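Note: the block below is query00.csv and it holds CSV, C-alpha atoms.
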```csv
chain,number,residue,atom,x,y,z
A,1,MET,CA,85.6,124.2,122.2
A,2,SER,CA,87.0,120.8,121.2
A,3,GLN,CA,85.2,117.6,122.2
A,4,LYS,CA,86.4,114.1,122.1
A,5,VAL,CA,84.5,112.1,119.4
A,6,PHE,CA,83.5,108.5,119.8
A,7,VAL,CA,82.3,106.0,117.3
A,8,THR,CA,79.4,104.5,119.3
A,9,GLY,CA,77.6,102.5,116.5
A,10,VAL,CA,78.4,101.1,113.1
A,11,GLY,CA,76.4,99.3,110.5
A,12,MET,CA,77.1,97.7,107.1
A,13,ILE,CA,75.2,95.4,104.7
A,14,PRO,CA,76.8,92.7,102.4
A,15,PHE,CA,78.1,94.2,99.2
A,16,ALA,CA,76.7,92.9,95.9
A,17,LYS,CA,77.3,93.1,92.2
A,18,PRO,CA,75.5,95.7,90.2
A,19,GLY,CA,72.0,94.5,89.5
A,20,ALA,CA,72.0,92.2,92.4
A,21,SER,CA,71.4,94.7,95.2
A,22,ALA,CA,68.3,96.5,96.6
A,23,PRO,CA,67.8,100.1,95.5
A,24,TYR,CA,70.1,102.7,97.0
A,25,HIS,CA,67.6,104.1,99.4
A,26,GLU,CA,66.7,100.7,100.8
A,27,MET,CA,70.4,99.8,101.2
A,28,GLY,CA,71.0,103.1,102.9
A,29,ALA,CA,68.1,102.7,105.3
A,30,LEU,CA,69.3,99.2,106.3
A,31,ALA,CA,72.8,100.4,107.1
A,32,ALA,CA,71.6,103.4,109.0
A,33,ARG,CA,69.2,101.3,111.1
A,34,ALA,CA,72.0,98.8,111.8
A,35,ALA,CA,74.3,101.6,113.0
A,36,LEU,CA,71.6,103.0,115.3
A,37,GLU,CA,70.8,99.6,116.7
A,38,ASP,CA,74.5,99.0,117.3
A,39,ALA,CA,74.7,102.3,119.1
A,40,GLY,CA,71.6,101.7,121.1
A,41,ILE,CA,69.8,104.9,120.2
A,42,ALA,CA,66.8,106.0,118.2
A,43,TYR,CA,66.8,108.1,115.0
A,44,GLU,CA,65.1,110.8,117.1
A,45,ASP,CA,68.4,111.2,119.1
A,46,VAL,CA,70.3,112.1,116.0
A,47,GLU,CA,70.9,115.9,115.5
A,48,GLN,CA,72.6,116.0,112.1
A,49,ALA,CA,73.3,113.5,109.3
A,50,TYR,CA,75.9,113.5,106.5
A,51,VAL,CA,75.2,111.2,103.6
A,52,GLY,CA,77.7,110.3,100.9
A,53,TYR,CA,77.1,108.9,97.4
A,54,VAL,CA,78.6,109.6,93.9
A,55,TYR,CA,76.2,108.4,91.3
A,56,GLY,CA,72.7,109.8,92.1
A,57,ASP,CA,70.5,112.8,91.8
A,58,SER,CA,70.5,115.6,94.4
A,59,THR,CA,69.1,114.8,97.9
A,60,CYS,CA,69.4,111.0,97.6
A,61,GLY,CA,70.4,111.2,101.2
A,62,GLN,CA,67.0,112.5,102.2
A,63,LYS,CA,65.4,109.7,100.2
A,64,ALA,CA,67.4,107.1,102.1
A,65,LEU,CA,66.9,108.6,105.6
A,66,TYR,CA,63.3,109.4,105.2
A,67,GLY,CA,62.8,105.7,105.3
A,68,VAL,CA,64.4,105.7,108.8
A,69,GLY,CA,62.7,108.7,110.2
A,70,MET,CA,61.5,112.3,109.4
A,71,THR,CA,62.6,114.5,112.3
A,72,GLY,CA,63.5,117.6,110.4
A,73,ILE,CA,67.2,117.4,111.1
A,74,PRO,CA,69.8,118.8,108.7
A,75,ILE,CA,70.8,116.2,106.1
A,76,VAL,CA,73.9,117.1,104.2
A,77,ASN,CA,74.6,115.3,100.9
A,78,VAL,CA,78.3,114.7,100.1
A,79,ASN,CA,80.1,113.8,96.8
A,80,ASN,CA,83.9,113.6,96.7
A,81,ASN,CA,84.5,110.8,94.3
A,82,CYS,CA,85.9,107.6,96.0
A,83,SER,CA,86.7,109.4,99.2
A,84,THR,CA,83.0,110.4,99.6
A,85,GLY,CA,82.3,108.2,102.7
A,86,SER,CA,85.3,109.4,104.6
A,87,THR,CA,84.6,113.0,103.6
A,88,ALA,CA,81.1,112.6,105.2
A,89,LEU,CA,82.9,111.2,108.3
A,90,TYR,CA,85.3,114.1,108.3
A,91,LEU,CA,82.4,116.6,108.3
A,92,ALA,CA,80.5,114.7,111.0
A,93,ARG,CA,83.5,114.5,113.2
A,94,GLN,CA,84.0,118.3,112.9
A,95,ALA,CA,80.4,118.9,113.9
A,96,VAL,CA,80.8,116.9,117.1
A,97,GLN,CA,84.3,118.0,117.9
A,98,SER,CA,83.3,121.7,117.6
A,99,GLY,CA,80.2,121.3,119.8
A,100,ALA,CA,77.8,122.0,117.0
A,101,ALA,CA,76.1,118.6,117.6
A,102,ASP,CA,76.4,115.8,120.1
A,103,CYS,CA,75.1,112.9,118.0
A,104,VAL,CA,75.6,112.7,114.3
A,105,LEU,CA,74.7,109.9,111.8
A,106,VAL,CA,77.1,109.3,108.9
A,107,LEU,CA,75.8,107.2,106.0
A,108,GLY,CA,77.4,106.2,102.6
A,109,PHE,CA,75.8,104.1,99.8
A,110,GLU,CA,76.2,103.5,96.1
A,111,GLN,CA,74.1,101.8,93.5
A,112,MET,CA,76.5,101.2,90.6
A,113,SER,CA,76.3,100.1,87.0
A,114,PRO,CA,78.4,97.3,85.5
A,115,GLY,CA,81.7,98.1,83.8
A,116,ALA,CA,84.2,100.9,84.0
A,117,LEU,CA,83.4,104.3,85.6
A,118,ALA,CA,82.2,106.9,83.2
A,119,SER,CA,81.1,110.6,83.3
A,120,VAL,CA,77.4,111.2,83.5
A,121,PHE,CA,77.5,114.7,82.1
A,122,THR,CA,79.1,115.0,78.7
A,123,ASP,CA,78.0,118.6,77.8
A,124,ARG,CA,80.6,120.3,80.0
A,125,ALA,CA,84.2,120.2,81.1
A,126,ALA,CA,84.9,117.0,83.1
A,127,PRO,CA,86.8,117.3,86.4
A,128,PHE,CA,89.3,114.8,85.1
A,129,ASP,CA,90.3,116.6,82.0
A,130,ASP,CA,93.6,117.7,83.5
A,131,PHE,CA,94.3,114.2,84.8
A,132,ASP,CA,93.5,112.7,81.4
A,133,ALA,CA,95.9,115.1,79.6
A,134,VAL,CA,98.8,114.1,81.9
A,135,THR,CA,97.9,110.4,81.5
A,136,ASP,CA,97.8,110.7,77.7
A,137,ARG,CA,101.2,112.3,77.7
A,138,LEU,CA,102.9,109.9,80.2
A,139,VAL,CA,101.1,106.7,79.5
A,140,GLY,CA,99.2,106.7,76.3
A,141,ARG,CA,97.3,103.5,75.8
A,142,ALA,CA,94.0,105.2,74.9
A,143,GLU,CA,92.4,101.8,74.4
A,144,ILE,CA,92.5,101.0,78.1
A,145,PRO,CA,89.8,102.5,80.4
A,146,LEU,CA,91.0,105.6,82.2
A,147,ALA,CA,90.8,104.4,85.8
A,148,LEU,CA,93.1,101.5,84.8
A,149,ARG,CA,95.4,103.8,83.0
A,150,TYR,CA,95.6,106.1,86.1
A,151,PHE,CA,96.5,103.4,88.6
A,152,GLY,CA,98.1,101.0,86.3
A,153,GLY,CA,100.3,103.9,85.2
A,154,ALA,CA,101.2,104.6,88.8
A,155,GLY,CA,102.1,101.0,89.3
A,156,LEU,CA,104.2,101.0,86.1
A,157,ALA,CA,106.0,104.1,87.3
A,158,HIS,CA,106.9,102.3,90.6
A,159,MET,CA,108.1,99.3,88.6
A,160,GLU,CA,110.3,101.4,86.4
A,161,LYS,CA,111.7,103.5,89.3
A,162,TYR,CA,112.3,100.7,91.8
A,163,GLY,CA,112.4,97.5,89.8
A,164,THR,CA,109.2,96.3,91.5
A,165,PRO,CA,108.0,93.0,89.9
A,166,LEU,CA,104.5,92.3,88.7
A,167,GLU,CA,104.4,89.6,91.3
A,168,ALA,CA,104.3,92.2,94.1
A,169,PHE,CA,100.8,93.3,93.0
A,170,ALA,CA,99.7,89.7,92.6
A,171,ARG,CA,100.9,89.0,96.2
A,172,ILE,CA,98.7,91.9,97.4
A,173,ARG,CA,95.7,90.5,95.7
A,174,ALA,CA,96.3,87.1,97.1
A,175,LYS,CA,96.6,88.5,100.6
A,176,ALA,CA,93.3,90.3,100.1
A,177,SER,CA,91.6,87.1,99.2
A,178,ARG,CA,93.0,85.3,102.3
A,179,HIS,CA,91.6,88.0,104.5
A,180,ALA,CA,88.2,88.1,102.8
A,181,VAL,CA,87.6,84.4,103.4
A,182,ASN,CA,86.7,85.5,107.0
A,183,ASN,CA,84.5,88.4,106.0
A,184,PRO,CA,80.9,87.5,105.4
A,185,LEU,CA,80.1,90.9,104.1
A,186,ALA,CA,82.7,90.8,101.3
A,187,LEU,CA,81.7,90.3,97.7
A,188,PHE,CA,84.5,87.9,96.8
A,189,ARG,CA,85.5,85.3,99.4
A,190,LYS,CA,87.4,82.7,97.4
A,191,GLU,CA,91.1,82.4,98.2
A,192,VAL,CA,93.4,82.8,95.2
A,193,SER,CA,97.2,82.5,95.0
A,194,ALA,CA,99.6,85.0,93.6
A,195,GLN,CA,100.0,82.6,90.6
A,196,ASP,CA,96.2,82.6,90.1
A,197,VAL,CA,96.3,86.4,89.9
A,198,LEU,CA,99.2,86.4,87.4
A,199,ASP,CA,97.4,83.8,85.3
A,200,ALA,CA,94.1,85.9,85.2
A,201,PRO,CA,93.2,87.6,81.9
A,202,GLU,CA,95.5,90.5,81.2
A,203,ILE,CA,94.1,94.0,81.1
A,204,TRP,CA,97.4,95.7,80.4
A,205,PRO,CA,100.2,93.2,79.5
A,206,GLY,CA,103.0,93.3,81.9
A,207,VAL,CA,101.2,95.8,84.2
A,208,MET,CA,97.8,94.5,85.3
A,209,THR,CA,95.6,91.4,85.3
A,210,ARG,CA,91.9,91.5,85.9
A,211,LEU,CA,92.2,90.2,89.5
A,212,MET,CA,94.4,93.2,90.4
A,213,ALA,CA,91.4,95.6,90.0
A,214,CYS,CA,88.5,96.0,92.3
A,215,PRO,CA,84.9,95.4,91.0
A,216,PRO,CA,82.1,97.9,90.7
A,217,THR,CA,79.9,97.2,93.7
A,218,CYS,CA,76.6,98.2,95.4
A,219,GLY,CA,76.3,98.6,99.1
A,220,ALA,CA,75.9,100.8,102.2
A,221,ALA,CA,77.6,101.4,105.5
A,222,ALA,CA,77.0,103.8,108.4
A,223,ALA,CA,78.4,105.1,111.7
A,224,VAL,CA,77.1,107.1,114.7
A,225,LEU,CA,79.5,109.7,116.2
A,226,VAL,CA,78.8,111.1,119.6
A,227,SER,CA,80.5,113.4,122.1
A,228,GLU,CA,81.9,112.1,125.4
A,229,SER,CA,79.1,113.9,127.4
A,230,PHE,CA,76.4,112.4,125.2
A,231,ALA,CA,77.8,108.9,125.6
A,232,LYS,CA,78.0,109.3,129.4
A,233,LYS,CA,74.5,110.8,129.6
A,234,HIS,CA,72.9,107.9,127.6
A,235,GLY,CA,75.1,105.1,128.8
A,236,LEU,CA,76.6,104.4,125.3
A,237,ARG,CA,79.8,102.6,124.6
A,238,ALA,CA,82.8,104.9,124.3
A,239,ASP,CA,85.6,102.4,123.6
A,240,VAL,CA,86.6,103.7,120.1
A,241,HIS,CA,87.4,107.3,119.4
A,242,ILE,CA,88.7,109.3,116.5
A,243,ALA,CA,92.1,110.4,117.7
A,244,ALA,CA,93.1,112.4,114.6
A,245,GLN,CA,91.9,113.1,111.1
A,246,ALA,CA,93.1,115.1,108.1
A,247,MET,CA,91.8,115.8,104.6
A,248,THR,CA,94.0,116.9,101.8
A,249,THR,CA,93.5,117.9,98.1
A,250,ASP,CA,95.8,118.2,95.2
A,251,ARG,CA,98.8,120.5,95.0
A,252,PRO,CA,100.7,121.6,91.8
A,253,SER,CA,102.9,118.5,92.1
A,254,THR,CA,99.9,116.4,91.1
A,255,PHE,CA,100.3,117.7,87.5
A,256,ASP,CA,103.7,119.2,87.4
A,257,ALA,CA,105.9,116.3,88.6
A,258,ASP,CA,105.4,114.2,85.5
A,259,ASP,CA,104.9,111.3,87.9
A,260,MET,CA,101.8,109.0,87.6
A,261,MET,CA,102.1,108.1,91.3
A,262,ARG,CA,101.7,111.7,92.2
A,263,LEU,CA,98.9,112.1,89.7
A,264,VAL,CA,96.9,109.4,91.5
A,265,GLY,CA,97.4,111.0,95.0
A,266,TYR,CA,100.7,109.9,96.4
A,267,ASP,CA,101.4,113.4,97.7
A,268,MET,CA,97.9,113.9,99.1
A,269,SER,CA,98.1,110.6,101.0
A,270,ARG,CA,101.6,111.3,102.4
A,271,GLU,CA,100.6,114.8,103.6
A,272,ALA,CA,97.3,113.6,105.2
A,273,ALA,CA,99.1,110.8,107.0
A,274,GLN,CA,101.8,113.1,108.3
A,275,LYS,CA,99.2,115.5,109.6
A,276,VAL,CA,97.4,112.7,111.4
A,277,TYR,CA,100.6,111.3,112.9
A,278,ALA,CA,101.5,114.8,114.2
A,279,GLN,CA,98.0,115.3,115.6
A,280,ALA,CA,98.0,112.0,117.4
A,281,GLY,CA,101.6,112.2,118.6
A,282,ILE,CA,102.5,108.7,117.2
A,283,GLY,CA,103.9,107.3,114.0
A,284,PRO,CA,103.3,104.5,111.6
A,285,ASP,CA,105.3,102.1,113.7
A,286,ASP,CA,102.6,102.3,116.4
A,287,LEU,CA,99.8,101.1,114.1
A,288,ASP,CA,98.2,97.7,114.6
A,289,VAL,CA,95.8,97.6,111.7
A,290,VAL,CA,95.2,99.7,108.6
A,291,GLU,CA,92.3,99.8,106.1
A,292,LEU,CA,93.6,101.6,103.0
A,293,HIS,CA,92.3,102.4,99.5
A,294,ASP,CA,93.2,99.4,97.3
A,295,CYS,CA,91.0,100.2,94.3
A,296,PHE,CA,93.9,98.5,92.4
A,297,ALA,CA,96.6,96.4,93.9
A,298,HIS,CA,99.0,99.0,92.5
A,299,ASN,CA,97.5,101.7,94.7
A,300,GLU,CA,97.8,99.5,97.8
A,301,LEU,CA,101.5,99.1,97.1
A,302,ILE,CA,102.3,102.8,96.6
A,303,THR,CA,100.1,103.7,99.6
A,304,TYR,CA,102.3,101.5,101.9
A,305,GLU,CA,105.1,104.0,101.2
A,306,ALA,CA,102.9,107.1,101.2
A,307,LEU,CA,101.6,106.2,104.7
A,308,GLY,CA,105.2,105.5,105.9
A,309,LEU,CA,104.6,101.8,106.6
A,310,CYS,CA,107.8,101.1,104.7
A,311,PRO,CA,110.5,103.3,103.1
A,312,GLU,CA,110.1,104.7,99.6
A,313,GLY,CA,111.0,101.9,97.2
A,314,GLY,CA,110.7,99.3,100.0
A,315,ALA,CA,107.2,98.0,99.3
A,316,ASP,CA,108.2,94.8,97.5
A,317,LYS,CA,110.4,93.8,100.5
A,318,PHE,CA,107.6,94.8,102.9
A,319,ILE,CA,105.2,92.5,101.0
A,320,ARG,CA,107.7,89.6,100.6
A,321,ASP,CA,108.5,89.7,104.4
A,322,GLY,CA,104.8,89.4,105.2
A,323,ASP,CA,104.8,92.7,107.0
A,324,ASN,CA,101.4,93.6,105.5
A,325,THR,CA,99.4,90.7,107.1
A,326,TYR,CA,98.9,88.7,110.3
A,327,GLY,CA,102.1,88.0,112.1
A,328,GLY,CA,103.9,90.9,110.4
A,329,GLN,CA,104.4,94.6,111.1
A,330,VAL,CA,100.9,95.8,110.5
A,331,VAL,CA,97.8,94.0,109.2
A,332,THR,CA,96.5,95.8,106.1
A,333,ASN,CA,92.9,95.5,104.9
A,334,PRO,CA,91.8,92.6,107.2
A,335,SER,CA,88.4,93.1,105.6
A,336,GLY,CA,89.7,92.0,102.3
A,337,GLY,CA,89.9,95.6,101.1
A,338,LEU,CA,88.2,96.9,98.0
A,339,LEU,CA,89.8,94.2,95.9
A,340,SER,CA,87.8,91.5,97.7
A,341,LYS,CA,85.1,93.4,99.6
A,342,GLY,CA,84.1,95.6,96.6
A,343,HIS,CA,84.0,99.3,96.1
A,344,PRO,CA,80.6,101.0,96.3
A,345,LEU,CA,82.1,104.5,96.1
A,346,GLY,CA,80.0,106.4,98.7
A,347,ALA,CA,80.0,103.5,101.1
A,348,THR,CA,83.7,102.6,101.0
A,349,GLY,CA,85.0,105.0,103.7
A,350,LEU,CA,82.2,104.0,106.1
A,351,ALA,CA,82.9,100.3,105.4
A,352,GLN,CA,86.5,100.9,106.5
A,353,CYS,CA,85.2,102.6,109.6
A,354,PHE,CA,83.0,99.6,110.3
A,355,GLU,CA,85.9,97.2,110.0
A,356,LEU,CA,88.3,99.2,112.2
A,357,THR,CA,85.7,99.8,114.8
A,358,GLN,CA,85.1,96.0,115.1
A,359,GLN,CA,88.9,95.5,115.2
A,360,LEU,CA,89.4,97.9,118.1
A,361,ARG,CA,86.4,96.5,119.9
A,362,GLY,CA,87.9,93.0,119.6
A,363,SER,CA,84.8,91.8,117.9
A,364,ALA,CA,86.1,91.0,114.4
A,365,GLY,CA,85.9,87.2,114.8
A,366,ALA,CA,88.3,85.2,112.7
A,367,ARG,CA,89.6,88.5,111.2
A,368,GLN,CA,90.6,89.8,114.6
A,369,VAL,CA,94.1,91.5,114.8
A,370,GLU,CA,95.3,90.4,118.2
A,371,GLY,CA,95.6,93.3,120.7
A,372,ALA,CA,94.6,96.0,118.2
A,373,LYS,CA,94.6,99.4,119.9
A,374,VAL,CA,95.6,101.8,117.1
A,375,ALA,CA,94.0,101.8,113.6
A,376,LEU,CA,94.4,103.9,110.5
A,377,GLN,CA,91.9,104.5,107.7
A,378,HIS,CA,93.0,105.8,104.3
A,379,ASN,CA,90.4,106.7,101.7
A,380,LEU,CA,91.4,108.3,98.4
A,381,GLY,CA,89.3,110.0,95.8
A,382,LEU,CA,91.2,110.8,92.6
A,383,GLY,CA,90.7,114.4,91.7
A,384,GLY,CA,88.8,114.9,95.0
A,385,ALA,CA,90.6,114.3,98.2
A,386,CYS,CA,92.4,112.0,100.5
A,387,VAL,CA,91.1,111.5,104.0
A,388,VAL,CA,93.1,109.7,106.7
A,389,THR,CA,91.5,108.9,110.0
A,390,MET,CA,93.2,107.4,113.1
A,391,TYR,CA,91.2,105.5,115.7
A,392,ARG,CA,92.2,104.5,119.2
A,393,ALA,CA,90.7,102.1,121.6
```
Could you take the file, read its structure, and then write that structure out as structure tokens?
Amino acid sequence: MSQKVFVTGVGMIPFAKPGASAPYHEMGALAARAALEDAGIAYEDVEQAYVGYVYGDSTCGQKALYGVGMTGIPIVNVNNNCSTGSTALYLARQAVQSGAADCVLVLGFEQMSPGALASVFTDRAAPFDDFDAVTDRLVGRAEIPLALRYFGGAGLAHMEKYGTPLEAFARIRAKASRHAVNNPLALFRKEVSAQDVLDAPEIWPGVMTRLMACPPTCGAAAAVLVSESFAKKHGLRADVHIAAQAMTTDRPSTFDADDMMRLVGYDMSREAAQKVYAQAGIGPDDLDVVELHDCFAHNELITYEALGLCPEGGADKFIRDGDNTYGGQVVTNPSGGLLSKGHPLGATGLAQCFELTQQLRGSAGARQVEGAKVALQHNLGLGGACVVTMYRA
């Protein structure tokens, strides 16, 4: 049995700097209530819930949802690094598509600390040990925080392979800021120019400035997924459905190719996108709007190519031609992306879902992509998974 799956409700709260947000369980409850209200249902109608977060003790999902209701439903906690929110969405969609449930709530939240990401458990092997070993060998620069070395190293590999200028990453960040001006839920809404980005303090000379990296952020977002029969029975909106979805994890090329782009998930992204295009029977040229994982401007650039939005080595031209924004080939990150909106790890995938649902409903206000009918979501978790989701109106 395979059912059509609709996004009937979405909710999101404004993202905030660490220390400036409510506690995780309060943020989660607010986003969940917003999604339920948007869907027009009560928590008692929900049959299952999938809750994503990265930094927190076990069963934080229960703590958040018990503030919304206590109905005894299964609550599954999900942790898959930065792709956590989309992984929860992936599981929820499977539950509805298979007929195991007709109404499922998906929630993601994160209460983060200031500064670079770090391991919590230091008395055991870290999941990134293999990634660190390759990075040490290919990049060095042990004085730079690891996440910056991973993605900055990938950007540097692209620069060396294709002659990509540093300005290309600055243009991406400037584009993100222009989009975020119209997003009241984004953390950073000040417009900056490419020159402003280049003039920002250097993190890695010749490779990255501070404005090319997303900030640690706190926040929450949620979605309600339902079957077609449930939507009809309860008179719910069914104008946005998940047309295709794929989740991939690493293959040997991640470590064996001696390529920083592959280490940070280029192959995972390409494979997941190809699977989704095949499932949906359409290609990248059919996309109207994309929310992709721009944890660094460098990752946005290489993801253009992984998703097939432009040829390999063609990202700089794609950017210079304005094909990544309004009036171009496809609008990327109309929300402002992680670079401007912020990146609360567990919430990121659901925040992307929130934005694309608004776009396909035609209710994104000043951010609206005219005539948007097909949307793609790309959420990457280094060392975890890549999840690509296609929505259609």
TODO: Could you check which of A:Glu312, A:Asp102, A:Asp132, A:Glu305 is closest to A:Ser269, using all atoms listed in the file?
DONE: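 Residue with the minimum atom-to-atom distance to A:Ser269: A:Glu305.
Of the residues listed (A:Leu166, A:Ala385, A:Val96, A:Ala180), A:Leu166 shows the shortest atom-to-atom separation from A:His298; distances use all atoms listed in the file.
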Open item on the list: What's around A:Phe354 at 8 Å? Count all atoms listed in the file, leave out sequence neighbours fewer than 6 positions away in its own chain, and write the answer as number ranges by chain.
Closed with: A: 10-12, 221-223
Leaving out A:Ser86 and any residue of its chain fewer than 3 positions from it, which residues lie within 8 Å of it when counting only C-alpha atoms, given as a PDB file with C-alpha atoms, in the coordinates of the input?
```pdb
ATOM      1  CA  SER A  83      86.700 109.400  99.200  1.00  0.00           C
ATOM      2  CA  LEU A  89      82.900 111.200 108.300  1.00  0.00           C
ATOM      3  CA  TYR A  90      85.300 114.100 108.300  1.00  0.00           C
ATOM      4  CA  THR A 348      83.700 102.600 101.000  1.00  0.00           C
ATOM      5  CA  GLY A 349      85.000 105.000 103.700  1.00  0.00           C
ATOM      6  CA  LEU A 350      82.200 104.000 106.100  1.00  0.00           C
ATOM      7  CA  ASN A 379      90.400 106.700 101.700  1.00  0.00           C
ATOM      8  CA  VAL A 387      91.100 111.500 104.000  1.00  0.00           C
TER       9      VAL A 387
END
```
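When all atoms listed in the file are used to measure the gap to A:Asp130, the shortest distance among A:Gln358, A:Thr87, A:Thr254, A:Ser340 belongs to A:Thr254.
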Open item on the list: Could you list, as number ranges by chain, every residue within 12 Å of A:Pro284, counting only C-alpha atoms and ignoring same-chain residues fewer than 5 positions away?
Closed with: A: 270, 273-278, 289-290, 304-311, 329-330, 374-376, 390
TODO: Give me the residues within 8 Å of A:Gln111 as a PyMOL selection string, counting all atoms listed in the file and dropping any in the same chain fewer than 6 places off.
DONE: chain A and resi 18+21+23-24+55+217-219+344
Open item on the list: Restricting the calculation to all atoms listed in the file: of A:Asp294, A:Asp258, A:Glu228, A:Glu191, which residue gets closest to A:Val5?
Closed with: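 Once distances to A:Val5 are computed over all atoms listed in the file, the minimum belongs to A:Glu228.
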TODO: Determine, counting all atoms listed in the file, which protein, DNA and RNA residues have an atom within 12 Å of an atom of A:Gly56; residues of the same chain fewer than 2 positions away are not included. Present the result as a PyMOL selection string.
DONE: chain A and resi 23-25+51-54+58-64+77-79+109-113+120+345-346
Open item on the list: Rounded to one decimal, what separation in Å do you get between atom CA of A:Val134 and atom CA of A:Leu263?
Closed with: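 According to the coordinates, atom CA of A:Val134 and atom CA of A:Leu263 are separated by 8.1 Å.
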Only C-alpha atoms, please: stretch 160-204 of chain A from the block, as a compact mmCIF listing (two decimals), in the first residue's frame.
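Final output, saved to decode.txt:
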```
# COMPACT_ATOMS: atom_id res chain seq x y z
CA GLU A 160 41.89 24.70 -7.12
CA LYS A 161 40.07 22.34 -9.51
CA TYR A 162 37.97 24.88 -11.42
CA GLY A 163 39.60 28.25 -10.75
CA THR A 164 36.62 29.41 -8.69
CA PRO A 165 37.29 32.85 -7.18
CA LEU A 166 36.72 33.72 -3.53
CA GLU A 167 34.23 36.29 -4.75
CA ALA A 168 31.85 33.50 -5.78
CA PHE A 169 31.33 32.55 -2.13
CA ALA A 170 30.91 36.23 -1.23
CA ARG A 171 28.22 36.59 -3.89
CA ILE A 172 26.33 33.65 -2.36
CA ARG A 173 26.39 35.26 1.07
CA ALA A 174 25.28 38.60 -0.33
CA LYS A 175 22.40 36.88 -2.14
CA ALA A 176 21.37 35.18 1.11
CA SER A 177 21.22 38.54 2.86
CA ARG A 178 19.05 40.07 0.13
CA HIS A 179 16.58 37.21 0.50
CA ALA A 180 16.59 37.33 4.31
CA VAL A 181 15.56 40.99 4.36
CA ASN A 182 12.05 39.73 3.61
CA ASN A 183 12.02 36.91 6.17
CA PRO A 184 10.82 38.02 9.63
CA LEU A 185 11.88 34.66 11.10
CA ALA A 186 15.53 34.95 10.02
CA LEU A 187 18.24 35.77 12.56
CA PHE A 188 20.21 38.14 10.30
CA ARG A 189 18.15 40.48 8.11
CA LYS A 190 20.71 43.16 7.24
CA GLU A 191 21.65 43.26 3.56
CA VAL A 192 25.36 43.02 2.83
CA SER A 193 27.27 43.31 -0.43
CA ALA A 194 29.79 40.85 -1.81
CA GLN A 195 32.49 43.37 -0.95
CA ASP A 196 31.21 43.53 2.65
CA VAL A 197 31.59 39.76 2.82
CA LEU A 198 35.13 39.88 1.43
CA ASP A 199 36.04 42.66 3.87
CA ALA A 200 34.77 40.72 6.91
CA PRO A 201 37.37 39.26 9.31
CA GLU A 202 39.22 36.33 7.78
CA ILE A 203 38.79 32.89 9.31
CA TRP A 204 41.01 31.21 6.73
```
